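For reference, final-v7.csv is printed below; it contains CSV, C-alpha atoms.
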```csv
chain,number,residue,atom,x,y,z
A,1,MET,CA,21.0,-29.8,-45.7
A,2,LYS,CA,20.4,-32.6,-48.2
A,3,SER,CA,23.5,-34.1,-49.6
A,4,PHE,CA,24.7,-34.7,-53.1
A,5,LYS,CA,26.9,-37.6,-54.0
A,6,ILE,CA,28.7,-38.9,-57.1
A,7,GLU,CA,30.0,-42.4,-57.5
A,8,GLN,CA,32.2,-43.4,-60.4
A,9,ARG,CA,32.4,-46.8,-62.1
A,10,THR,CA,32.7,-48.4,-65.5
A,11,ASN,CA,30.1,-50.4,-67.5
A,12,ARG,CA,31.5,-52.4,-70.4
A,13,GLY,CA,34.5,-50.0,-70.5
A,14,PHE,CA,32.4,-46.8,-70.5
A,15,GLU,CA,32.7,-44.3,-67.6
A,16,VAL,CA,29.5,-44.0,-65.5
A,17,LEU,CA,28.8,-41.3,-63.0
A,18,ASP,CA,26.0,-42.2,-60.6
A,19,LEU,CA,24.3,-39.0,-59.2
A,20,HIS,CA,22.5,-39.1,-55.8
A,21,GLY,CA,20.6,-36.5,-53.9
A,22,GLU,CA,20.1,-32.9,-55.0
A,23,LEU,CA,22.0,-31.0,-57.6
A,24,ASP,CA,21.9,-27.2,-57.2
A,25,ALA,CA,24.2,-24.2,-57.4
A,26,HIS,CA,25.9,-25.4,-54.3
A,27,THR,CA,26.6,-28.9,-55.3
A,28,ALA,CA,27.2,-28.4,-59.1
A,29,SER,CA,30.9,-27.9,-58.5
A,30,GLU,CA,31.2,-31.6,-57.4
A,31,LEU,CA,29.8,-32.7,-60.7
A,32,GLU,CA,32.0,-30.3,-62.6
A,33,GLU,CA,35.1,-31.7,-60.9
A,34,ALA,CA,34.1,-35.3,-61.7
A,35,LEU,CA,33.5,-34.4,-65.4
A,36,LEU,CA,36.7,-32.4,-65.7
A,37,LYS,CA,38.7,-35.3,-64.2
A,38,LEU,CA,37.3,-37.6,-66.9
A,39,ILE,CA,37.9,-35.2,-69.7
A,40,LYS,CA,41.4,-34.5,-68.5
A,41,ASN,CA,42.1,-38.3,-68.6
A,42,LYS,CA,40.6,-38.4,-72.1
A,43,LYS,CA,37.7,-40.6,-70.9
A,44,ALA,CA,35.3,-39.3,-73.4
A,45,ASN,CA,32.4,-41.8,-73.5
A,46,ILE,CA,30.5,-40.8,-70.3
A,47,ILE,CA,27.2,-42.0,-69.0
A,48,VAL,CA,25.6,-40.0,-66.3
A,49,ASN,CA,23.0,-42.1,-64.4
A,50,PHE,CA,20.4,-40.0,-62.7
A,51,ASN,CA,18.7,-42.9,-60.9
A,52,GLY,CA,19.5,-41.6,-57.4
A,53,LEU,CA,19.0,-37.9,-58.2
A,54,ASP,CA,15.9,-36.4,-56.6
A,55,TYR,CA,16.3,-32.8,-57.7
A,56,ILE,CA,18.1,-30.6,-60.3
A,57,ALA,CA,18.3,-26.8,-60.7
A,58,SER,CA,19.6,-25.0,-63.7
A,59,ALA,CA,23.1,-24.8,-62.2
A,60,GLY,CA,23.3,-28.6,-62.6
A,61,LEU,CA,22.2,-28.4,-66.2
A,62,GLY,CA,24.8,-25.7,-66.7
A,63,VAL,CA,27.6,-28.1,-66.1
A,64,PHE,CA,26.5,-30.3,-69.0
A,65,MET,CA,26.2,-27.2,-71.2
A,66,ALA,CA,29.7,-26.1,-70.3
A,67,TYR,CA,31.5,-29.4,-71.1
A,68,ILE,CA,29.5,-31.3,-73.8
A,69,GLU,CA,31.5,-29.6,-76.5
A,70,ASP,CA,34.8,-30.5,-74.9
A,71,VAL,CA,33.7,-34.1,-74.7
A,72,ARG,CA,32.5,-34.2,-78.3
A,73,GLU,CA,35.7,-32.5,-79.5
A,74,ILE,CA,37.7,-35.5,-78.2
A,75,GLY,CA,35.4,-37.9,-80.0
A,76,GLY,CA,33.0,-38.8,-77.2
A,77,ASP,CA,29.6,-37.9,-75.8
A,78,ILE,CA,27.8,-37.5,-72.5
A,79,LYS,CA,24.7,-39.7,-72.4
A,80,LEU,CA,22.1,-39.0,-69.7
A,81,THR,CA,20.0,-41.9,-68.3
A,82,ASN,CA,17.5,-43.0,-65.7
A,83,MET,CA,15.9,-39.6,-64.9
A,84,ASN,CA,12.8,-39.4,-62.9
A,85,ASN,CA,10.0,-37.3,-64.5
A,86,LYS,CA,10.6,-34.4,-62.2
A,87,VAL,CA,14.2,-34.1,-63.3
A,88,TYR,CA,13.5,-34.8,-66.9
A,89,ASN,CA,10.9,-32.0,-67.0
A,90,VAL,CA,13.6,-29.5,-66.2
A,91,PHE,CA,15.8,-30.7,-69.0
A,92,ASP,CA,12.8,-30.7,-71.3
A,93,LEU,CA,11.7,-27.2,-70.4
A,94,LEU,CA,15.1,-25.9,-71.4
A,95,GLY,CA,15.2,-27.8,-74.7
A,96,PHE,CA,17.9,-30.4,-73.8
A,97,PRO,CA,16.3,-33.5,-75.5
A,98,THR,CA,17.1,-32.2,-79.0
A,99,LEU,CA,20.8,-31.6,-78.2
A,100,TYR,CA,21.6,-34.4,-75.7
A,101,ASP,CA,21.1,-38.1,-75.7
A,102,ILE,CA,18.7,-38.7,-72.8
A,103,LEU,CA,17.9,-42.4,-72.5
A,104,GLU,CA,15.6,-44.3,-70.3
A,105,ASP,CA,18.2,-46.6,-68.9
A,106,GLU,CA,21.9,-47.1,-68.7
A,107,ASN,CA,22.0,-50.2,-70.9
A,108,MET,CA,20.5,-48.2,-73.8
A,109,ALA,CA,23.4,-45.7,-73.4
A,110,VAL,CA,25.9,-48.6,-73.4
A,111,GLN,CA,24.3,-50.1,-76.6
A,112,LYS,CA,24.3,-46.7,-78.3
A,113,PHE,CA,28.0,-46.1,-77.5
A,114,LEU,CA,28.8,-49.6,-78.8
A,115,LYS,CA,27.0,-48.8,-82.1
A,116,GLU,CA,28.8,-45.5,-82.4
A,117,GLN,CA,32.2,-47.0,-82.1
B,1,MET,CA,12.8,-17.0,-43.5
B,2,LYS,CA,16.0,-15.1,-43.7
B,3,ILE,CA,19.2,-16.5,-45.1
B,4,HIS,CA,22.7,-15.3,-45.9
B,5,ALA,CA,23.7,-15.1,-49.5
B,6,SER,CA,25.3,-18.5,-49.6
B,7,THR,CA,24.4,-21.4,-52.0
B,8,GLY,CA,24.8,-23.6,-48.9
B,9,SER,CA,21.4,-22.3,-47.8
B,10,LEU,CA,19.5,-23.3,-50.9
B,11,ALA,CA,18.6,-26.7,-49.6
B,12,ASP,CA,17.1,-25.2,-46.5
B,13,VAL,CA,15.1,-22.7,-48.6
B,14,ARG,CA,13.7,-25.6,-50.7
B,15,GLU,CA,12.7,-27.5,-47.6
B,16,PHE,CA,11.0,-24.4,-46.1
B,17,VAL,CA,9.0,-23.8,-49.2
B,18,SER,CA,8.1,-27.4,-49.8
B,19,VAL,CA,7.0,-28.1,-46.3
B,20,ASN,CA,4.8,-25.0,-46.2
B,21,ALA,CA,3.2,-25.6,-49.6
B,22,ARG,CA,2.5,-29.2,-48.7
B,23,ASN,CA,0.9,-28.1,-45.4
B,24,HIS,CA,-1.4,-25.9,-47.5
B,25,SER,CA,-2.3,-28.8,-49.8
B,26,PHE,CA,-0.6,-27.8,-53.0
B,27,SER,CA,-0.1,-30.7,-55.3
B,28,GLU,CA,3.3,-32.4,-55.6
B,29,LYS,CA,3.6,-31.1,-59.2
B,30,GLN,CA,3.0,-27.5,-58.0
B,31,ILE,CA,5.4,-28.0,-55.1
B,32,ASN,CA,8.1,-29.1,-57.5
B,33,ASP,CA,7.5,-26.0,-59.7
B,34,ILE,CA,7.5,-23.6,-56.7
B,35,ARG,CA,10.6,-25.2,-55.1
B,36,LEU,CA,12.6,-24.9,-58.4
B,37,ALA,CA,11.4,-21.3,-59.0
B,38,VAL,CA,12.4,-20.2,-55.5
B,39,ASP,CA,15.8,-22.0,-55.8
B,40,GLU,CA,16.5,-20.3,-59.1
B,41,ALA,CA,15.4,-16.9,-57.8
B,42,CYS,CA,17.6,-17.2,-54.7
B,43,THR,CA,20.5,-18.5,-56.8
B,44,ASN,CA,20.2,-15.4,-59.0
B,45,VAL,CA,20.2,-13.1,-56.0
B,46,ILE,CA,23.2,-14.8,-54.4
B,47,LYS,CA,25.1,-14.8,-57.7
B,48,HIS,CA,24.1,-11.5,-59.3
B,49,ALA,CA,22.8,-9.2,-56.6
B,50,TYR,CA,25.4,-10.1,-54.0
B,51,ASN,CA,28.2,-11.7,-56.1
B,52,TYR,CA,28.5,-14.5,-53.6
B,53,ASP,CA,29.1,-12.1,-50.7
B,54,GLU,CA,27.8,-14.1,-47.7
B,55,LYS,CA,27.2,-10.9,-45.7
B,56,GLY,CA,24.2,-10.2,-48.0
B,57,GLN,CA,20.8,-11.3,-46.8
B,58,LEU,CA,17.7,-12.6,-48.5
B,59,LEU,CA,14.2,-12.5,-47.0
B,60,ILE,CA,11.9,-15.2,-48.3
B,61,GLN,CA,8.2,-14.7,-47.4
B,62,LEU,CA,5.3,-16.9,-48.2
B,63,SER,CA,1.8,-15.7,-48.2
B,64,PHE,CA,-1.0,-18.3,-48.5
B,65,HIS,CA,-4.4,-17.2,-49.9
B,66,PRO,CA,-7.4,-19.4,-50.5
B,67,ASN,CA,-6.6,-19.8,-54.2
B,68,SER,CA,-2.9,-19.0,-54.4
B,69,LEU,CA,0.5,-18.7,-52.9
B,70,THR,CA,2.6,-15.5,-53.2
B,71,ILE,CA,6.3,-15.7,-52.6
B,72,THR,CA,8.3,-12.6,-52.1
B,73,ILE,CA,12.1,-12.5,-52.1
B,74,THR,CA,13.7,-9.3,-50.9
B,75,ASP,CA,17.4,-8.4,-51.1
B,76,GLN,CA,19.5,-5.3,-50.7
B,77,GLY,CA,22.0,-6.2,-53.4
B,78,ARG,CA,22.6,-4.9,-56.9
B,79,GLY,CA,19.5,-4.9,-59.0
B,80,PHE,CA,19.4,-6.6,-62.4
B,81,ASN,CA,17.4,-6.4,-65.4
B,82,PHE,CA,14.9,-9.1,-64.6
B,83,ASN,CA,12.4,-8.1,-67.3
B,84,SER,CA,14.7,-8.4,-70.4
B,85,TYR,CA,14.7,-12.1,-70.5
B,86,LYS,CA,14.2,-14.4,-73.5
B,87,LYS,CA,14.3,-18.2,-74.0
B,88,PRO,CA,17.9,-19.2,-73.9
B,89,ASP,CA,19.3,-20.3,-77.2
B,90,LEU,CA,20.7,-23.6,-75.9
B,91,LYS,CA,22.5,-24.6,-79.1
B,92,GLU,CA,24.4,-21.3,-79.2
B,93,ARG,CA,25.2,-21.4,-75.5
B,94,ILE,CA,26.6,-25.0,-75.8
B,95,LYS,CA,28.7,-23.9,-78.8
B,96,ASN,CA,30.2,-21.1,-76.8
B,97,LYS,CA,30.5,-23.3,-73.7
B,98,LYS,CA,28.4,-20.9,-71.7
B,99,ARG,CA,26.2,-21.8,-68.8
B,100,GLY,CA,23.6,-19.9,-66.8
B,101,GLY,CA,21.0,-17.5,-68.0
B,102,MET,CA,18.3,-20.1,-67.6
B,103,GLY,CA,17.0,-19.2,-64.2
B,104,ILE,CA,14.7,-16.4,-65.1
B,105,TYR,CA,13.3,-18.3,-68.0
B,106,LEU,CA,12.5,-21.2,-65.7
B,107,ILE,CA,10.9,-18.9,-63.1
B,108,ARG,CA,8.6,-17.3,-65.7
B,109,ASN,CA,7.7,-20.8,-66.9
B,110,LEU,CA,7.0,-22.4,-63.6
B,111,MET,CA,5.1,-19.6,-61.9
B,112,ASP,CA,1.8,-18.0,-62.9
B,113,GLU,CA,2.7,-14.4,-62.2
B,114,VAL,CA,6.1,-12.8,-61.7
B,115,SER,CA,7.0,-9.2,-61.0
B,116,TYR,CA,10.3,-7.6,-60.1
B,117,TYR,CA,10.8,-4.2,-58.4
B,118,SER,CA,14.2,-2.6,-58.0
B,119,ASP,CA,15.1,0.6,-56.4
B,120,PRO,CA,18.5,1.8,-55.0
B,121,GLY,CA,17.8,0.3,-51.6
B,122,GLN,CA,16.3,-3.0,-52.3
B,123,ASN,CA,15.0,-5.5,-54.9
B,124,ILE,CA,11.7,-7.3,-54.5
B,125,LEU,CA,10.8,-10.3,-56.6
B,126,THR,CA,7.2,-11.5,-56.3
B,127,MET,CA,6.0,-14.8,-57.7
B,128,LYS,CA,2.5,-16.2,-57.6
B,129,LYS,CA,1.2,-19.7,-58.1
B,130,TRP,CA,-2.5,-20.4,-58.4
B,131,ARG,CA,-3.9,-23.4,-56.6
B,132,LYS,CA,-5.2,-25.1,-59.7
B,133,GLU,CA,-4.6,-28.7,-60.5
B,134,SER,CA,-2.6,-29.0,-63.7
B,135,ALA,CA,-4.3,-31.0,-66.4
```
Show me the file's structure as structure tokens.
Amino acid sequence: MKSFKIEQRTNRGFEVLDLHGELDAHTASELEEALLKLIKNKKANIIVNFNGLDYIASAGLGVFMAYIEDVREIGGDIKLTNMNNKVYNVFDLLGFPTLYDILEDENMAVQKFLKEQ
Amino acid sequence: MKIHASTGSLADVREFVSVNARNHSFSEKQINDIRLAVDEACTNVIKHAYNYDEKGQLLIQLSFHPNSLTITITDQGRGFNFNSYKKPDLKERIKNKKRGGMGIYLIRNLMDEVSYYSDPGQNILTMKKWRKESA
């Protein structure tokens, strides 16, 4: 079984979740827990870096669907960055790019958050 | 291959499908599509047909033909209305903090032919991918 891993850090004061491995219906709960923990602690400006993510199924996208409103309600956003084409295609097929900030790299997300503040 | 209705088996299913499709010279793009479609289909069965009851079983069969691959997923769980699907309204779902409901849409998008047969004893989902290079 291939693993999924999340690492948490900050970049210029913004929370960053680094995703690694494969995100499916089995591993989506780990992402959910990490996001819930941030929301609970009122950490609302969240960057999710997909650089290490090889694969995503709709259960992974579902986590972002379930919590984006909560984050926006407390004045923040979830910005998604560094996706490979394979992963981006799944987000694109389901229409995410019009409703989520999907950026090429993490620095662009940081700049965007700074501008929005 | 045969698996129990556990999401912990999904990675093994993806590996099984990818390795076999690669051995039969499908392109990486096609393998990505097939892998995701099979993952979504198995996830649907685990979640909806078996309601995460790990006693349930899924049989995943691959049948390679000169110009195509046919994948059949058979289960003995509760049937569901596979054919009444529509593109999920993402905006509406986000507003209502809903997730899910995207699997069937993805399967129909990623595969060339999809059919679903359900009777009281078993459900059979058949998906076909043509061996054509995408433009």
Nearest to chain B: which of A:Phe50, A:Phe91, A:Phe14, A:Phe113 is it, counting all atoms listed in the file? A:Phe91
Residues of chain B within 7 Å of chain A, counting all atoms listed in the file - could you list those as a PDB file with C-alpha atoms, in the coordinates of the input?
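The result, written out as iface.pdb:
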```pdb
ATOM      1  CA  THR B   7      24.400 -21.400 -52.000  1.00  0.00           C
ATOM      2  CA  GLY B   8      24.800 -23.600 -48.900  1.00  0.00           C
ATOM      3  CA  ALA B  11      18.600 -26.700 -49.600  1.00  0.00           C
ATOM      4  CA  ASP B  12      17.100 -25.200 -46.500  1.00  0.00           C
ATOM      5  CA  LEU B  36      12.600 -24.900 -58.400  1.00  0.00           C
ATOM      6  CA  GLU B  40      16.500 -20.300 -59.100  1.00  0.00           C
ATOM      7  CA  THR B  43      20.500 -18.500 -56.800  1.00  0.00           C
ATOM      8  CA  ILE B  94      26.600 -25.000 -75.800  1.00  0.00           C
ATOM      9  CA  LYS B  95      28.700 -23.900 -78.800  1.00  0.00           C
ATOM     10  CA  LYS B  97      30.500 -23.300 -73.700  1.00  0.00           C
ATOM     11  CA  LYS B  98      28.400 -20.900 -71.700  1.00  0.00           C
ATOM     12  CA  ARG B  99      26.200 -21.800 -68.800  1.00  0.00           C
ATOM     13  CA  GLY B 100      23.600 -19.900 -66.800  1.00  0.00           C
ATOM     14  CA  MET B 102      18.300 -20.100 -67.600  1.00  0.00           C
ATOM     15  CA  GLY B 103      17.000 -19.200 -64.200  1.00  0.00           C
TER      16      GLY B 103
END
```
Can you tell me, as a list in words, which residues sit within 8 Å of (36.9, -44.8, -67.5) in the file's frame, using all atoms listed in the file?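 These residues have at least one counted atom within 8 Å: Arg9, Thr10, Gly13, Phe14, Glu15, Val16, Leu38 and Lys43 of chain A.
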Could you list, as an NGL selection string, every residue within 9 Å of stretch 19-21 of chain B, counting only C-alpha atoms and ignoring same-chain residues fewer than 6 positions away? :B and (27 or 30-31 or 34 or 62 or 64 or 69)
Could you work out how far atom CA of B:Pro66 lies from atom CA of B:Tyr117, giving the answer in Å with one decimal? 25.0 Å
Atom CA of B:Met1 to atom CA of B:Asn81: how many Å, to one decimal?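 Atom CA of B:Met1 sits 24.8 Å away from atom CA of B:Asn81.
Picture a line from atom CA of A:Gly75 to atom CA of A:Val48; it runs 17.0 Å.
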Give me the residues within 8 Å of B:Phe80 as an mmCIF file with C-alpha atoms, keeping the file's coordinate frame, counting only C-alpha atoms and dropping any in the same chain fewer than 4 places off.
```cif
data_model
loop_
_atom_site.group_PDB
_atom_site.id
_atom_site.type_symbol
_atom_site.label_atom_id
_atom_site.label_comp_id
_atom_site.auth_asym_id
_atom_site.auth_seq_id
_atom_site.Cartn_x
_atom_site.Cartn_y
_atom_site.Cartn_z
ATOM 1 C CA HIS B 48 24.100 -11.500 -59.300
ATOM 2 C CA ALA B 49 22.800 -9.200 -56.600
ATOM 3 C CA SER B 118 14.200 -2.600 -58.000
#
```
How would you write as a JSON list (two decimals) with C-alpha atoms, keeping the file's coordinate frame the residues that get within 8 Å of (18.9, -36.5, -71.7) in the file's frame, counting only C-alpha atoms?
```json
[["chain", "number", "residue", "atom", "x", "y", "z"],
["A", 79, "LYS", "CA", 24.70, -39.70, -72.40],
["A", 80, "LEU", "CA", 22.10, -39.00, -69.70],
["A", 81, "THR", "CA", 20.00, -41.90, -68.30],
["A", 88, "TYR", "CA", 13.50, -34.80, -66.90],
["A", 91, "PHE", "CA", 15.80, -30.70, -69.00],
["A", 96, "PHE", "CA", 17.90, -30.40, -73.80],
["A", 97, "PRO", "CA", 16.30, -33.50, -75.50],
["A", 100, "TYR", "CA", 21.60, -34.40, -75.70],
["A", 101, "ASP", "CA", 21.10, -38.10, -75.70],
["A", 102, "ILE", "CA", 18.70, -38.70, -72.80],
["A", 103, "LEU", "CA", 17.90, -42.40, -72.50]]
```
Using the incomplete input, complete stretch 19-30 of chain B to the level of all heavy atoms; output as a compact mmCIF listing (two decimals), in the coordinates of the input.
```txt
# COMPACT_ATOMS: atom_id res chain seq x y z
N VAL B 19 7.74 -27.73 -47.47
CA VAL B 19 7.00 -28.10 -46.30
C VAL B 19 5.73 -27.26 -46.15
O VAL B 19 4.61 -27.74 -45.94
CB VAL B 19 7.85 -28.06 -45.01
CG1 VAL B 19 7.00 -28.14 -43.75
CG2 VAL B 19 8.90 -29.17 -45.03
N ASN B 20 5.91 -25.95 -46.32
CA ASN B 20 4.80 -25.00 -46.20
C ASN B 20 3.73 -25.22 -47.26
O ASN B 20 2.53 -25.20 -46.98
CB ASN B 20 5.25 -23.59 -46.08
CG ASN B 20 5.77 -23.25 -44.70
OD1 ASN B 20 5.00 -23.11 -43.76
ND2 ASN B 20 7.08 -23.19 -44.57
N ALA B 21 4.20 -25.39 -48.49
CA ALA B 21 3.20 -25.60 -49.60
C ALA B 21 2.48 -26.89 -49.41
O ALA B 21 1.28 -26.98 -49.69
CB ALA B 21 3.97 -25.55 -50.93
N ARG B 22 3.17 -27.91 -48.92
CA ARG B 22 2.50 -29.20 -48.70
C ARG B 22 1.49 -29.08 -47.56
O ARG B 22 0.38 -29.61 -47.67
CB ARG B 22 3.59 -30.25 -48.34
CG ARG B 22 3.11 -31.68 -48.51
CD ARG B 22 4.26 -32.68 -48.47
NE ARG B 22 5.05 -32.65 -49.69
CZ ARG B 22 6.37 -32.44 -49.75
NH1 ARG B 22 7.06 -32.23 -48.64
NH2 ARG B 22 7.01 -32.43 -50.89
N ASN B 23 1.85 -28.35 -46.53
CA ASN B 23 0.90 -28.10 -45.40
C ASN B 23 -0.35 -27.38 -45.87
O ASN B 23 -1.40 -27.47 -45.24
CB ASN B 23 1.57 -27.34 -44.29
CG ASN B 23 2.55 -28.21 -43.52
OD1 ASN B 23 2.52 -29.43 -43.62
ND2 ASN B 23 3.44 -27.58 -42.77
N HIS B 24 -0.20 -26.63 -46.96
CA HIS B 24 -1.40 -25.90 -47.50
C HIS B 24 -1.96 -26.60 -48.69
O HIS B 24 -2.62 -25.98 -49.52
CB HIS B 24 -0.96 -24.46 -47.82
CG HIS B 24 -0.77 -23.60 -46.61
ND1 HIS B 24 0.38 -23.64 -45.84
CD2 HIS B 24 -1.60 -22.73 -45.98
CE1 HIS B 24 0.25 -22.79 -44.82
NE2 HIS B 24 -0.93 -22.24 -44.88
N SER B 25 -1.67 -27.91 -48.78
CA SER B 25 -2.30 -28.80 -49.80
C SER B 25 -2.09 -28.45 -51.23
O SER B 25 -2.96 -28.69 -52.07
CB SER B 25 -3.84 -28.83 -49.50
OG SER B 25 -4.08 -29.21 -48.17
N PHE B 26 -0.94 -27.89 -51.54
CA PHE B 26 -0.60 -27.80 -53.00
C PHE B 26 -0.20 -29.14 -53.47
O PHE B 26 0.28 -29.99 -52.70
CB PHE B 26 0.55 -26.77 -53.12
CG PHE B 26 0.09 -25.34 -53.16
CD1 PHE B 26 -0.21 -24.66 -51.99
CD2 PHE B 26 -0.10 -24.69 -54.37
CE1 PHE B 26 -0.68 -23.35 -52.01
CE2 PHE B 26 -0.57 -23.38 -54.41
CZ PHE B 26 -0.86 -22.71 -53.23
N SER B 27 -0.42 -29.38 -54.76
CA SER B 27 -0.10 -30.70 -55.30
C SER B 27 1.41 -30.88 -55.42
O SER B 27 2.16 -29.89 -55.44
CB SER B 27 -0.74 -30.86 -56.70
OG SER B 27 -0.06 -30.04 -57.63
N GLU B 28 1.86 -32.13 -55.53
CA GLU B 28 3.30 -32.40 -55.60
C GLU B 28 3.89 -31.73 -56.87
O GLU B 28 5.00 -31.20 -56.83
CB GLU B 28 3.57 -33.90 -55.65
CG GLU B 28 3.50 -34.55 -54.28
CD GLU B 28 4.40 -33.90 -53.21
OE1 GLU B 28 5.59 -33.70 -53.46
OE2 GLU B 28 3.87 -33.57 -52.12
N LYS B 29 3.14 -31.72 -57.97
CA LYS B 29 3.60 -31.10 -59.20
C LYS B 29 3.82 -29.57 -58.96
O LYS B 29 4.82 -28.98 -59.37
CB LYS B 29 2.61 -31.34 -60.33
CG LYS B 29 2.72 -30.46 -61.55
CD LYS B 29 3.85 -30.91 -62.46
CE LYS B 29 3.89 -30.12 -63.76
NZ LYS B 29 4.48 -28.80 -63.64
N GLN B 30 2.85 -28.98 -58.27
CA GLN B 30 3.00 -27.50 -58.00
C GLN B 30 4.10 -27.26 -57.01
O GLN B 30 4.82 -26.27 -57.17
CB GLN B 30 1.63 -27.04 -57.40
CG GLN B 30 0.54 -26.96 -58.45
CD GLN B 30 -0.78 -26.52 -57.86
OE1 GLN B 30 -1.18 -27.04 -56.82
NE2 GLN B 30 -1.43 -25.59 -58.50
```
